[in-house]
Every structure is written in structure tokens, then in C-alpha cells.
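Q: Starting off with a structure, shown below.
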Amino acid sequence: MTTILVNGRSASVSDPPETPLLWVLRDSLGLTGTKYGCGVGQCGACTVHVDGAATRSCVTPLSAVAARPVLTIEGLAPAGQLHKLQQAWLQERVSQCGYCQAGMLMSAAALLARVPQPSDAQVREAITNLCRCGTHPRVLRAVQRAAAQP
Amino acid sequence: MKHEGFPIRRRVLLGAGGSLLLVCASRRVRADAASVWQALATLELHSNGLATLWLRKIEMGQGAHAGVLAVVVSALDLPAERFDLRQAPSRPRFGNLVTGGSFSAAGAARFLAPQVSGVRLRLMQAAAARWGVGLDACRTAQGQVVHAPSGRRLKYEELLRDAVALPEPKGDALAQAAAPAALPSEVGLAAQALHAPGRARDVVTGERRYGIDRRAPQDWVAVVARAPALNARMLSFDDAACRTVPGFERCVVVRGNQFPAQNHVRDGVAVVARNTWAALQARQKLVVRWDESHAVRSDSAALYKALQAAANQAPAWSPQAEAGLAAWSWQITLPAYPHLPMEPPNAWASASGEGAAAALHLVSGTQRQTRLHDALVKEQGWPREQVQVESPHLGGGFGRKLEVDYALEAALVARELGRPVQLLWTRDDDIRFGIVRPPSAHRIDLLHDARGGIAHWHHVFAGESVTAQQEPADMAQDAGDWTMRLPMLAFPYAVKSAEHIPRPLREGIPVGWWRGTAWTQVGVAVECALNAFARHTRQDPLGLRLRHLAGQGTLQRRHGERIAMRIEAPRLIQVLQRVAQAARWPVADAAPACGFYDCDGTYVAVIAQTDRERRRIIKLWISVDCGRVLTPDVVRQQIESSVVFALTALKSDGLHWEQGRVRESSLAELPLLTLAEWPQVDIDVVPSDADVSGIGEPVVPVLLAAAMSALGRGGKGAAAGLR
């Protein structure tokens, strides 16, 4: 059994240590907000925070997480509340199909935690998540909108 | 069944363990089950003032729900927030459920609005009868009928009992009701504010459950080891090594069908485990023997050769020589593009019982619920009334999810297992075993005068045919593949003669409907050819188009039973002029394109500008006329979406086959446009009172053409001798 810390709570899981964190989150812990898009770290739909850093959970084995805190989309804001990025996302009407957006939001949140007032170029460079529907211009606007909030 | 003196229609029951699938759970509106008038198959009015709208179209981010709701809100004159939206399951009551063709909101405006207006008319008639006044003294106001002279009002919910007894209005009476005040823009905005895809709270919180999320912890997971080539047969398998994987349960044979088929399923072995990782690990250890003696040896090199040969096939065009005319010839070959929805194909299925008592509950993001339901009955023998197909929100469709193959696989496995299972396609499964936009080769010959005016036009479109593969009965002698002919007949330019020749082929790669369908082949060919011809004759490509559109008026294009288009050339001229003005044409390093799309009539013009080195698109000017706009931000969003879709396509040459196998297997080989690559985009949506027309697909072909021409990838032309 492995104990991990997810969204501020300890959880015991019986997954083998090489199991990607993505599947531990989705299948063992029922946290399905983190999505499977490619399984090989190319699309970013599986982005979570491990110790505050944006991390592609599909290529992060459980053993590499160890005791470091994991934050998923479900934990981005306290229950019933919205993080300023989530609010900005709704105000800018970013999402289309929505499938990649949890990963986008987690990448954006990690960026704002490092660089509270990123330039457009910094946002474009930092957020490499793929989106098939084409939310690109609205993601860029929503990040700036959130950055402008306290 | 009667209750309280007037009949109550029973709610649709969804079978064993099913629950009514509610859309947008965070905005769920509780509808009163005590008394309800099922006014239409898709519309129920409740005695508590709420209404249930059953949506026949699925939502995949394109805004279908908001668009259809806007239509209904206006036609019924009931506020958007009073509506409870539900996704229609695959029941006969709801007819043929299919989402595609950029016709969800537009179709609702054309077909559903008059019916909903009829419901509003019955409410007005009911009130008029109760008051003993004339119908023409009554109007509606946001869920109430009002008698203007006296100021009396009755809420819709107070009139249900009376209205249900009235006959459905037809003919003149229906026409009278079918024209409420023109769709006020605030009606659409209200529907948009509540239900536009970008307003979905459950997406940003991670609470939304797509098909891939419907698995309960105890449900098993299956991934399939599929036939490596079409029509390879599974001979045997050895799962001994799979048993070393903790969580592995068993294997299930998936017997496919012969390609080509309407719903082709490959032979395979489903590896079933207790969780996803175990299934993936176990599949890697599975050993399968395949018989490829009758496999289709799909090969891109041979395929493109065949397409080009067909495009150049005899009899060659031999126009009569005309004095003063010169000949020019041009060719282009277009790739086989994948769909790549971010949520890969998957389906959850739960089966019980046997024979006549067999039942199946299937949850899968699909664009064709009825086709799936029919296939389950006809191809797998499930009893029709005991099949329940639910489609949740899709994590992208783009036409891939018109195919029902992955759901059919899930049903087969579920039946064998006798317990719920989620069947998942990995990304490389999606790339290697899915369907593609058909590749094609085009040859355009034309005769022109000394000023570069086109007199005669001849276009051969040789393409792998979806219709030939999936619906061979539709390949009529004279019409061939009508889906290939349709965009060809939309050629709007004034010329002395134009010949459009579709040559459908069936060369053995699995094809389907990609966003924009054959318009992305024909529209690209025509518009790229025009740009190339303009360069050849040293004329302004915009001017060339405007010259050949001037005076065209309204064009009627018909062919057989399937094709009837009405193309209003002035609207095409208008978008060309608007985009030219916005860009301050002429623009360096840029190319234009324009096009009509039959959904029922959307007009698009684009100017695409590259960087100096012609490596990438840096700016786009886009003008769209899609008729009356119900949900302006959704329309704008779909235009942005089309930009990313088109520019993504141009980042690769699509898929390639060798020895029956797809060469590509990952997104690294099929790169999507990144945020960093998003260009400057100037969007103009023409204010219009014309009929509502679609927006999901029309911009894609025009963007592709403009971008390809600007990037110098718009085909090869040459002056040609006349034969």
C-alpha cells in the first residue's frame, strides 16, 4: 500500500508503484477531473500539480510522487468556490468540448503561482497543453484576466 | 392513463437501472412530475411553469444546446431559465438522432420552430376560448398569454388542461402562429448565457462526466488488440503472460466484420482487467496470431498513384477550340487527415439476460445514437426495446464519433462478460485503427481569354469515397457519390461552361466524415486553383473572383433527389468585399479564398497572411454570413475553433499506410496547433436577417484554401496544350 496526499487528504492506494499517477487518481481515487488524452505526456490533459509544479500525471509513476502533495482540478478551489482562473474561464467563455480544460487550468494555475503577471509571450510559452477544439485565444485572455485579479 | 381529468403522458422510461440523463447538472431545474403536457415529442410543459426540452442534438462544444434552446425560447416565448434540458435517448419517439452537418441550430430554426410556434398558438387559443375573445386580440409575453384590450393575463401553466384538448394547428392557422416577433437578440443571449459551452461550470471544476468518466470503481476496463490490417483475421491468442499482471481478468474475442461495411469493426482480442493500467499492461503481454492472407494491403503510395491516375483518366477533357482562348491545367493532392478528438473513442456497456430477455445499457459519446441503436439490433441481435443508448457530452467529435465501431465493440465484450465494462481506445489506437478524411486528387482544366477571364471550367475530383464504403446502395448510376458532387455543384462563378466530375474510389483505407467533409476537398481545390490561376495570369485573385461573381444573382443547383442548393452570389460578394476592406487589400504575402456551404446557406471569405518566409500563418481576416445569428459568441467561438482545426491540419500530411498499417501512432507525428502559434485573427460576422445557417464546418474549407495558397502549398499549375 502507498499513502499519497491528494488535495490535502491522505489516501491509501494499492496500485503498483509504476502505475502512472493519472490512473491512480482516476481509477483508484475516483478523481476523474484529470483526463486521459494521450498517455505519453504529449497533450497535457492529465496535468496536475506535484509539489506546486505542473506535472503530466500520465508519465509520472506513483513511486515518483511519494510524499509530495498532489493537487488536481478538484482541489484547485475549496468546495463550492471558484479559483480566480475558473472564474475568468467562465467570464471569457473559454471552453468548447471542455475535455482538455482541466489540464489547461492546472497549467495556468502553476504559471500564475510562479509568474503572477505573465506577459502574453510567457503565457504562450508556458502553456503547451493541446486543445483540438481551439480555445486558444480565450485561454490567453482568461489567464490575463485572472492575472489582473488580486 | 388519466389523472385529474386530463391525460398525462408517461415519461420515457429508460430501462433497467437507468436514470434520466440530465444535462448541465449544475443548472438542473427540477420539473414537476405531477402534471405535464407533452406538447411535442421533445417538449413538455409542466404545471409549475417549467418546461422540459429533450435535445436531439448532442453537445460536443459546438454550442448546439444553446442554439436549439434559443430557437425554442423564441418560438414558445418562454424565458430560457425556465427550461430543463435533457439529452434524448435513442427511443422511436425522438426519431433519427444524428448530430453533424452544421445543422443543429439551423435545423431547429427551420423545422422545430414552426412546431413550437404551434404549441404557443394552442396556448393562445386556449386563453382566447376561456376569455371568450378573438384570437387576434391575444399575444404572448414571456410565458403568459395577454389580452391587450382588457389587460387580462393567464400563465401558460394555467392553460395546459385546455390546450391539450385543442387540435394541433395546421396550414393557415400554423402559418399565423409561425411568425412571432422576429427572434429578438436578447432571447438568444439569454439561452447563450445559460447554456453556451463556455458557461459550463462543471467543466472548469472538473465535475463534468464524459463517457470516459462513467465507469464505477468496480467496473472492469477493456482495451482491444486489433487486427493490424483491415480484414486480417484473428487465428488464436495466448494470454499466459497477461496473467502475471495484477488485476488482469480475462480476454474476450471480438469478432469483427468484413471491410468495407457500414459499421466496420476489426477482429480483435479484448484484454479485460479491473482497472485501466492493468488492462494496458496486460495488452502489451498478449500474443495474437493473425491471418493476413486476405488482409487489405492499404498503401499510401499506391493509393495516391491511383487517385492521381483517376483524376487524369481518359477520356480527357477536349473542349472545342475557341478563338482567343488559352488552356491552363492544375493539380493538387490532398491528404488523409485524422480527427483526433481529445477524448479518445470509448464506450461503457452493461448487459444482462439472454436471448429475448437480453438487455443492454450503453453510454458513449456518439454523434449517431440511432445508427448505433440500429446496429446493435441488426448486427448483434439485441432486442430493440431493451437497448438504451445514452450519449453524454462529447470530449470532441469532429465526425469521428459518427462511427459506432467502438460502441459495438463494447457491447460485444459486455455481453460476454455479463458485467459492466468500459472499453477504451488509447490515443495510438485512435490514430492507427480509426477512420480518416478521405484523401483525394484533383485536376482542374480551364480555358481563359487574354484578360484572364475564365470561359470554361473542368474539374475532376478523384477521392476515396465514404459513401462507397459505408452506403454502397446510395451509389446510384447517375449520381455516383452525391456527397462528392454536392460541393462541386456549389461552384458559384460565372463561366460559359463548367463540368464537375466526381470519381469515387474504394482503394481500401477506412474513411469517414471529417469536419467539413467533401467541402474541404472541393472548396480547397477550387479556391487554390483560382489563386494559382490568378498568379499565372498576373491578376488580383480577389478581383478575379469578384469579376466572376458579378451579376450571378441567386443560383439554384439541383441534382437527383439529394441535391438542392440555393446560392446567393451577392452574399458571397459581400463577404469578399468585407474581408478585403478589413485587411485593406492588397496585402503582402497573403491569399484570399471564399466559399458557400450548404447548411443551408453560409458564406465565408478569408484572407490569410504568412510571415515573410512563408513558413506560418501570422494573420487571418475572416468574414462570415451565416444568416440570422442566435448566439453570437458561440458563432465567434466556432470561427476561432475552425482556425485551429484548419491550421492544425496543415502542420502535417495526415496518415500514411504501408503494408496495410498506419505508420503514425502518436500526436508527436500529428502535431496540433499550440497556443504559441495562435495567429492574429480578425473576425467579422455579417448582421443578417436571412435564415439561420450553420457555423461548425463552413469556415474550415475556406481557411484551408487561403492558408495553403498563402503558404505556397496550393497545388501545381501549368499552361497546357489543347488536345
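Chain identifiers are assigned as A, B, and so on, following the order in which chains appear in the C-alpha cells; residues are numbered from 1 within each chain, and ligands are numbered from 1 in order of appearance.
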Excluding Thr60 (chain A) and any residue of its chain fewer than 6 positions from it, enumerate the residues within 12 Å of it, using only C-alpha atoms, and give them as a VMD selection string.

A: chain A and resid 17 to 25 39 to 41 46 to 50 54 66 70

Q: What are the residues of chain A lining chain B at 8 Å or less? Count only C-alpha atoms, and put the answer as a ChimeraX atom specification.

A: /A:19-20,23,27-28,30,32-34,36-39,42-43,73-74,82,86,89-102,105,121,124-125,127-137,140

Q: What is the distance between CA of Arg628 (chain B) and CA of Ile573 (chain B), in Å to one decimal?

A: 18.0 Å

Q: Using only C-alpha atoms, find the one residue out of A:Pro69, A:Pro61, A:Gly75, A:Pro150 that sits nearest to Pro116 (chain A).

A: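 Checking each candidate against Pro116 (chain A), we get A:Pro150 as the closest.
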
Q: Pull the strand (DSSP E) assignments for region 597-669 of chain B out of DSSP run on the backbone, and list those residues as a PyMOL selection string.

A: chain B and resi 597+602-610+617-625+657-658+661-662

Q: Would you write out those residues with C-alpha atoms, as a PDB file, in the first residue's frame?

A:
ATOM      1  CA  TYR B 597     -21.583  25.856 -47.505  1.00  0.00           C
ATOM      2  CA  THR B 602     -23.356  30.075 -45.072  1.00  0.00           C
ATOM      3  CA  TYR B 603     -20.974  32.361 -46.931  1.00  0.00           C
ATOM      4  CA  VAL B 604     -17.342  32.734 -45.941  1.00  0.00           C
ATOM      5  CA  ALA B 605     -14.364  34.739 -47.111  1.00  0.00           C
ATOM      6  CA  VAL B 606     -10.850  34.588 -45.693  1.00  0.00           C
ATOM      7  CA  ILE B 607      -7.578  36.370 -46.300  1.00  0.00           C
ATOM      8  CA  ALA B 608      -4.564  34.534 -44.869  1.00  0.00           C
ATOM      9  CA  GLN B 609      -1.200  36.224 -44.434  1.00  0.00           C
ATOM     10  CA  THR B 610       2.091  34.478 -43.814  1.00  0.00           C
ATOM     11  CA  ILE B 617       0.202  31.963 -40.913  1.00  0.00           C
ATOM     12  CA  ILE B 618       0.510  35.114 -38.846  1.00  0.00           C
ATOM     13  CA  LYS B 619      -2.772  36.848 -39.581  1.00  0.00           C
ATOM     14  CA  LEU B 620      -6.256  35.965 -40.732  1.00  0.00           C
ATOM     15  CA  TRP B 621      -9.190  38.132 -41.746  1.00  0.00           C
ATOM     16  CA  ILE B 622     -12.437  36.202 -41.760  1.00  0.00           C
ATOM     17  CA  SER B 623     -15.891  37.351 -42.785  1.00  0.00           C
ATOM     18  CA  VAL B 624     -18.872  35.074 -42.265  1.00  0.00           C
ATOM     19  CA  ASP B 625     -22.519  35.435 -43.223  1.00  0.00           C
ATOM     20  CA  TRP B 657      -0.306   3.390 -44.844  1.00  0.00           C
ATOM     21  CA  GLU B 658       2.359   0.797 -45.535  1.00  0.00           C
ATOM     22  CA  ARG B 661      -0.673  -0.496 -41.402  1.00  0.00           C
ATOM     23  CA  VAL B 662      -0.819   3.136 -40.437  1.00  0.00           C
TER      24      VAL B 662
END

Q: Residues at most 9 Å from Gln659 (chain B), counting only C-alpha atoms, excluding those fewer than 6 positions away in the same chain, as a ChimeraX atom specification?

A: /B:229,296-299

Q: May I have the residues from that selection written out with N, CA and C atoms, as a CSV table (one decimal), in the first residue's frame?

A:
chain,number,residue,atom,x,y,z
B,229,ALA,N,-4.2,-5.1,-39.9
B,229,ALA,CA,-4.6,-4.6,-41.2
B,229,ALA,C,-6.0,-4.9,-41.4
B,296,VAL,N,-6.4,-6.4,-46.4
B,296,VAL,CA,-6.3,-5.3,-47.4
B,296,VAL,C,-4.9,-4.7,-47.2
B,297,ARG,N,-4.2,-4.7,-48.3
B,297,ARG,CA,-2.8,-4.1,-48.2
B,297,ARG,C,-2.8,-2.6,-48.5
B,298,SER,N,-3.5,-1.9,-47.6
B,298,SER,CA,-3.5,-0.4,-47.7
B,298,SER,C,-2.1,0.1,-47.9
B,299,ASP,N,-2.0,1.0,-48.8
B,299,ASP,CA,-0.6,1.5,-49.1
B,299,ASP,C,-0.8,2.9,-49.6

Q: Please list as an MDAnalysis selection string every residue within 10 Å of Asp691 (chain B), counting only C-alpha atoms and excluding residues in the same chain fewer than 3 positions away.

A: chainID B and resid 106 109:110 600:602 626:629 688 694

Q: Could you work out how far CA of Gly101 (chain B) lies from CA of Arg371 (chain B), giving the answer in Å with one decimal?

A: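 Separation between CA of Arg371 (chain B) and CA of Gly101 (chain B): 15.6 Å.
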
Q: Which residues are near Ala279 (chain B)? Cut-off 12 Å, only C-alpha atoms, ignore same chain within fewer than 4 positions. Put them as a PyMOL selection string.

A: (chain A and resi 19+23+27) or (chain B and resi 220-225+242-251+269-275+283-286+421-426)

Q: For each of A:Ala64, A:Met106, A:Leu85, A:Leu71, take the minimum atom-to-atom distance to Gly44 (chain A), counting only C-alpha atoms, then give the residue where this is smallest.

A: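 Counting only C-alpha atoms, the residue closest to Gly44 (chain A) is A:Met106.
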
Q: Nearest to His456 (chain B): which of B:Glu322, B:Glu561, B:Asp689, B:Asp540 is it, counting only C-alpha atoms?

A: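 Closest candidate: B:Glu322.
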
Q: Which neighbours of region 514-519 of chain B fall inside 6 Å, counting only C-alpha atoms, when residues of the same chain fewer than 4 positions from it are skipped, and could you give them as a ChimeraX atom specification?

A: /B:398-399,437,484,487,523,697

Q: If you keep N, CA, C and O atoms, can you produce a file of those selected residues as a short mmCIF file (atom, residue, chain, number, x, y, z; two decimals), in the first residue's frame?

A:
data_model
loop_
_atom_site.label_atom_id
_atom_site.label_comp_id
_atom_site.auth_asym_id
_atom_site.auth_seq_id
_atom_site.Cartn_x
_atom_site.Cartn_y
_atom_site.Cartn_z
N PHE B 398 -16.02 15.99 -34.17
CA PHE B 398 -15.42 16.34 -35.46
C PHE B 398 -15.75 15.33 -36.56
O PHE B 398 -15.13 15.34 -37.61
N GLY B 399 -16.70 14.46 -36.29
CA GLY B 399 -17.05 13.46 -37.28
C GLY B 399 -16.55 12.07 -36.93
O GLY B 399 -17.09 11.07 -37.41
N ARG B 437 -10.36 11.49 -42.90
CA ARG B 437 -10.94 12.23 -44.02
C ARG B 437 -10.37 11.60 -45.29
O ARG B 437 -9.17 11.38 -45.40
N MET B 484 -19.83 13.77 -52.87
CA MET B 484 -18.69 14.38 -53.56
C MET B 484 -19.19 15.40 -54.58
O MET B 484 -18.55 16.43 -54.81
N PRO B 487 -20.57 19.55 -53.13
CA PRO B 487 -19.78 20.78 -53.10
C PRO B 487 -19.30 21.22 -54.48
O PRO B 487 -19.06 22.41 -54.70
N GLY B 523 -13.70 22.58 -52.01
CA GLY B 523 -13.50 24.01 -51.75
C GLY B 523 -12.03 24.37 -51.83
O GLY B 523 -11.65 25.40 -52.40
N GLU B 697 -18.82 23.94 -39.48
CA GLU B 697 -17.89 23.48 -40.52
C GLU B 697 -17.52 24.48 -41.61
O GLU B 697 -16.41 24.41 -42.15
#
